[in-house]
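Structure first, commentary second.
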Amino acid sequence: MKDRIVVLGAGYAGLAAAKRAARRLRRTGARVTLVNAADRFVERVRLHQLAAGQRLPDLPLAVLLAGTGVELVVARAVGIDPVARTVELDAPPYTVGYDILVYALGSGSDAGTVPGAREYAYPLATGDEAALLRARLASGKGPVTVVGGGLTGVESAAEFAAAGLRAELLSGRVGPGLSARGRRHVHRVLARMGVSVREHARVTGVGPECVLLADGDELRAGTVVWAAGFRVPGWAAAAGLATDEHGRMLVDRTLRSVSHPDVFGIGDAAAAGHATRMACQTGLPMGVCTGRAVADLLTGREPRPARFRYVWQNVSLGRHDGVTQFTRADDSPLDTVMTGPASAAFKETITRGTVWTMRH
């Protein structure tokens with residue numbers, strides 16, 4: 001019987017893992033199946049552009065997988081049985097069996113912790129969410145209040161302002177992973193773009209057209225965009241796999257589950273030491289390493305530890321400005337930054353290069 005490798009999720013991590021495993025196992029007859037809820041690859045790092053009304057490249061997974069031998073199943077995973085080694089799906093074939101499972105289901109918006117956020121705020125973690133927000137903004141439902149001062153919140157607020165919308169950013173701290181120089185540049189550019197920034201603002205509730213703050217203020221808001229944190233799917237924990245307090249799968253140095261060695265965990269949904277920032281800079285190398293490790297495991301070799309390091313963070317501030325924050329290997333910021341049009345061009349080059357890598 002041929003070995004069955006099932007990859008759940010076709011984001012940066014999952015797509016890279018499926019393609020690398022298939023390439024390395026091409027001569028063994030192993031079967032690689034990629035399960036994803038949509039038939040398109042979503043450039044998550046560009047979702048703020050889509051929401052702001054820009055047109056993004058169409059990236060069908062069938063095209064990205066052409067010639068690889070990877071079988072694509074468009075369905076959503078709804079359960080994992082690690083004893084029977086099966087995954088339950090919400091669409092045909094409804095059940096797939098595996099010998100090796102790669103869990104790369106990513107993360108979604110964490111809108112359930114604040115009353116009203118799930119009902120009235122617009123998250124920005126998936127292509128469908130970005131399209132829904134785009135339609136809302138196109139109907140004139142402004143101004144826009146962005147909750148969350150991480151990279152998603154900053155980039156979104158800047159992109160909305162560049163599109164001519166009145167934007168406000170509420171945050172505990174803007175750009176918490178940036179150096180002082182990086183944060184200063186972000187503040188300067190947001191101010192120049194007309195974005196109203198309110199730091200040390202803790203949101204305690206969201207209404208139909210308002211945001212409630214811990215200090216008692218009630219702010220009017222035409223559209224609330226929720227970028228205050230992310231959460232991972234609960235399927236790993238529900239299946240009895242070892243997870244951390246956030247539900248991320250605990251994995252060893254080879255990215256295998258510490259409780260179930262026939263399961264690999266990669267991308268946002270995995271906790272792999274310090275290398276767990278939710279970013280394609282983490283997910284893509286995790287996928288490549290895992291594809292190689294799966295092939296090693298099935299061909300009788302010992303999987304090698306995954307080795308990768310952080311180098312930078314790219315933050316876009318509209319299409320013509322940004323901050324490239326250079327970092328140490330553990331992702332702590334250096335005092336070295338690149339800003340302005342050079343940073344914007346650098347990020348665009350990296351983003352396009354990532355898609356080229358996913359193709360080839």
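Following the order of the structure tokens, first chain is A, next is B, and so on, with residues numbered from 1 inside each chain and ligands from 1 in the order they appear.
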
List every residue of segment 184-270 of chain A that has an atom at most 10 Å from any atom of segment 13-29 of chain A, giving for each one its closest atom pair and the distance in Å to one decimal, counting only C-alpha atoms, sorted by chain and then by ascending residue number, as CSV.
residue,atom,partner,partner_atom,distance
A:Gly265,CA,A:Ala13,CA,9.7
A:Ile266,CA,A:Ala13,CA,6.4
A:Gly267,CA,A:Ala13,CA,5.5
A:Asp268,CA,A:Ala13,CA,8.7

* For segment 127-139 of chain A, please output as an MDAnalysis selection string all residues within 9 Å (counting only C-alpha atoms; exclusion window: fewer than 5 positions along the same chain). => chainID A and resid 42:44 47:53 122 144 165 223 225

Restricted to C-alpha atoms, what would the selected residues look like written as a JSON list (two decimals), in the first residue's frame?
[["chain", "number", "residue", "atom", "x", "y", "z"],
["A", 42, "VAL", "CA", -4.58, 33.58, -0.40],
["A", 43, "GLU", "CA", -1.74, 36.08, -0.07],
["A", 44, "ARG", "CA", -2.51, 36.85, 3.54],
["A", 47, "LEU", "CA", -5.40, 41.21, 2.61],
["A", 48, "HIS", "CA", -5.35, 44.85, 3.76],
["A", 49, "GLN", "CA", -4.84, 45.82, 0.10],
["A", 50, "LEU", "CA", -7.83, 43.74, -0.99],
["A", 51, "ALA", "CA", -10.00, 45.27, 1.74],
["A", 52, "ALA", "CA", -8.95, 48.77, 0.64],
["A", 53, "GLY", "CA", -10.23, 48.12, -2.88],
["A", 122, "TYR", "CA", -14.99, 43.10, 10.65],
["A", 144, "VAL", "CA", -12.91, 53.24, 9.76],
["A", 165, "LEU", "CA", -10.93, 56.90, 3.94],
["A", 223, "THR", "CA", -16.85, 50.40, 10.40],
["A", 225, "VAL", "CA", -11.91, 46.47, 11.76]]

* **Point-to-point distance in Å for atom CA of Ser316 of chain A and atom CA of Gly140 of chain A** => 24.2 Å

* Asked: Out of segment 15-94 of chain A, which residues get strand (DSSP E) from DSSP, as a PyMOL selection string?
  -> chain A and resi 31-36+71-74+77-81+86-89

* Within 9 Å of Gly175 of chain A, counting only C-alpha atoms, which residues qualify if same-chain residues fewer than 2 places away don't, as number ranges by chain? -> A: 149-151, 154, 173, 177-179, 182-183, 186

Requested write-out: N, CA and C atoms of the selected residues, as a short mmCIF file (atom, residue, chain, number, x, y, z; two decimals), in the first residue's frame:
data_model
loop_
_atom_site.label_atom_id
_atom_site.label_comp_id
_atom_site.auth_asym_id
_atom_site.auth_seq_id
_atom_site.Cartn_x
_atom_site.Cartn_y
_atom_site.Cartn_z
N GLY A 149 -2.78 47.37 17.25
CA GLY A 149 -1.63 48.10 16.75
C GLY A 149 -0.49 47.24 16.29
N GLY A 150 -0.77 45.93 16.05
CA GLY A 150 0.25 45.07 15.46
C GLY A 150 0.41 45.37 13.99
N LEU A 151 1.13 44.50 13.29
CA LEU A 151 1.42 44.77 11.89
C LEU A 151 0.15 44.81 11.04
N VAL A 154 -1.66 48.21 11.77
CA VAL A 154 -0.93 49.36 11.23
C VAL A 154 -1.06 49.40 9.71
N ARG A 173 -0.23 49.56 22.15
CA ARG A 173 1.02 50.16 21.70
C ARG A 173 1.15 49.90 20.21
N GLY A 177 6.57 45.13 18.13
CA GLY A 177 7.77 44.37 17.79
C GLY A 177 8.84 45.19 17.12
N LEU A 178 8.62 46.50 16.97
CA LEU A 178 9.58 47.36 16.29
C LEU A 178 10.50 48.05 17.29
N SER A 179 11.62 48.51 16.79
CA SER A 179 12.53 49.32 17.61
C SER A 179 11.94 50.71 17.78
N GLY A 182 11.88 52.44 14.50
CA GLY A 182 10.82 51.95 13.65
C GLY A 182 9.46 52.50 14.05
N ARG A 183 9.19 52.53 15.36
CA ARG A 183 7.90 53.04 15.83
C ARG A 183 7.76 54.54 15.54
N VAL A 186 6.69 54.94 11.97
CA VAL A 186 5.29 54.57 11.80
C VAL A 186 4.39 55.71 12.25
#

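Taking atom CA of Gln281 of chain A and atom CA of Thr339 of chain A as the two end points, the separation is 19.4 Å.
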
Env of Ala66 of chain A: 10 Å cut, atoms = only C-alpha atoms, seq-sep filter 5 positions within chain, self excluded. Answer as an mmCIF file with N, CA and C atoms, in the first residue's frame.
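File out_37.cif, as written:
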data_model
loop_
_atom_site.group_PDB
_atom_site.id
_atom_site.type_symbol
_atom_site.label_atom_id
_atom_site.label_comp_id
_atom_site.auth_asym_id
_atom_site.auth_seq_id
_atom_site.Cartn_x
_atom_site.Cartn_y
_atom_site.Cartn_z
ATOM 1 N N LEU A 61 -5.080 27.243 -6.820
ATOM 2 C CA LEU A 61 -4.212 26.186 -6.310
ATOM 3 C C LEU A 61 -3.932 25.136 -7.378
ATOM 4 N N GLU A 71 -2.583 15.832 -4.966
ATOM 5 C CA GLU A 71 -4.026 15.827 -5.144
ATOM 6 C C GLU A 71 -4.642 16.927 -4.283
ATOM 7 N N ARG A 359 5.191 29.022 -6.549
ATOM 8 C CA ARG A 359 4.957 28.445 -7.876
ATOM 9 C C ARG A 359 5.998 27.382 -8.214
#

* Mind checking which residues fall within 9 Å of Arg319 of chain A, counting only C-alpha atoms, ignoring those fewer than 5 positions away in the same chain, and posting them as a list in words? => Glu159, Ala162, Pro341, Ala344, Ala345 and Glu348 of chain A

* What separation in Å, quoted to one decimal, exists between atom CA of Val102 of chain A and atom CA of Leu8 of chain A? -> 6.2 Å

Against segment 80-99 of chain A, which residues of segment 234-296 of chain A fall within 7 Å? For each one I want the closest pair of atoms and the distance in Å (one decimal), counting only C-alpha atoms, rows by chain and increasing residue number, as a tab-separated table.
residue	atom	partner	partner_atom	distance
A:Trp235	CA	A:Ile80	CA	6.7
A:Ala239	CA	A:Ile80	CA	5.7
A:Asp262	CA	A:Asp99	CA	6.9

Near Ala272 of chain A, counting only C-alpha atoms, which residues have an atom at most 8 Å away, once you skip same-chain residues fewer than 6 positions from it, shown as a PDB file with N, CA and C atoms, in the first residue's frame?
ATOM      1  N   LEU A 250       2.162  21.393  20.093  1.00  0.00           N
ATOM      2  CA  LEU A 250       3.535  21.342  20.584  1.00  0.00           C
ATOM      3  C   LEU A 250       4.340  20.393  19.713  1.00  0.00           C
ATOM      4  N   VAL A 251       5.435  20.895  19.160  1.00  0.00           N
ATOM      5  CA  VAL A 251       6.251  20.091  18.255  1.00  0.00           C
ATOM      6  C   VAL A 251       7.708  20.100  18.713  1.00  0.00           C
ATOM      7  N   ASP A 252       8.450  19.084  18.255  1.00  0.00           N
ATOM      8  CA  ASP A 252       9.865  18.997  18.613  1.00  0.00           C
ATOM      9  C   ASP A 252      10.711  19.734  17.574  1.00  0.00           C
ATOM     10  N   ARG A 253      12.011  19.510  17.616  1.00  0.00           N
ATOM     11  CA  ARG A 253      12.911  20.256  16.724  1.00  0.00           C
ATOM     12  C   ARG A 253      12.738  19.871  15.258  1.00  0.00           C
ATOM     13  N   LEU A 255       9.723  19.393  14.064  1.00  0.00           N
ATOM     14  CA  LEU A 255       8.353  19.865  13.844  1.00  0.00           C
ATOM     15  C   LEU A 255       7.317  18.747  13.908  1.00  0.00           C
TER      16      LEU A 255
END

* Using only C-alpha atoms, which of A:Glu199, A:Met193, A:Phe41, A:Pro261 sits nearest Val63 of chain A? ->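 Closest residue, counting only C-alpha atoms: A:Phe41.
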
* Spatial neighbours of Ala161 of chain A, max dist 7 Å, only C-alpha atoms, sep filter under 4 positions, as a PyMOL selection string -> chain A and resi 157+165-167+193-195
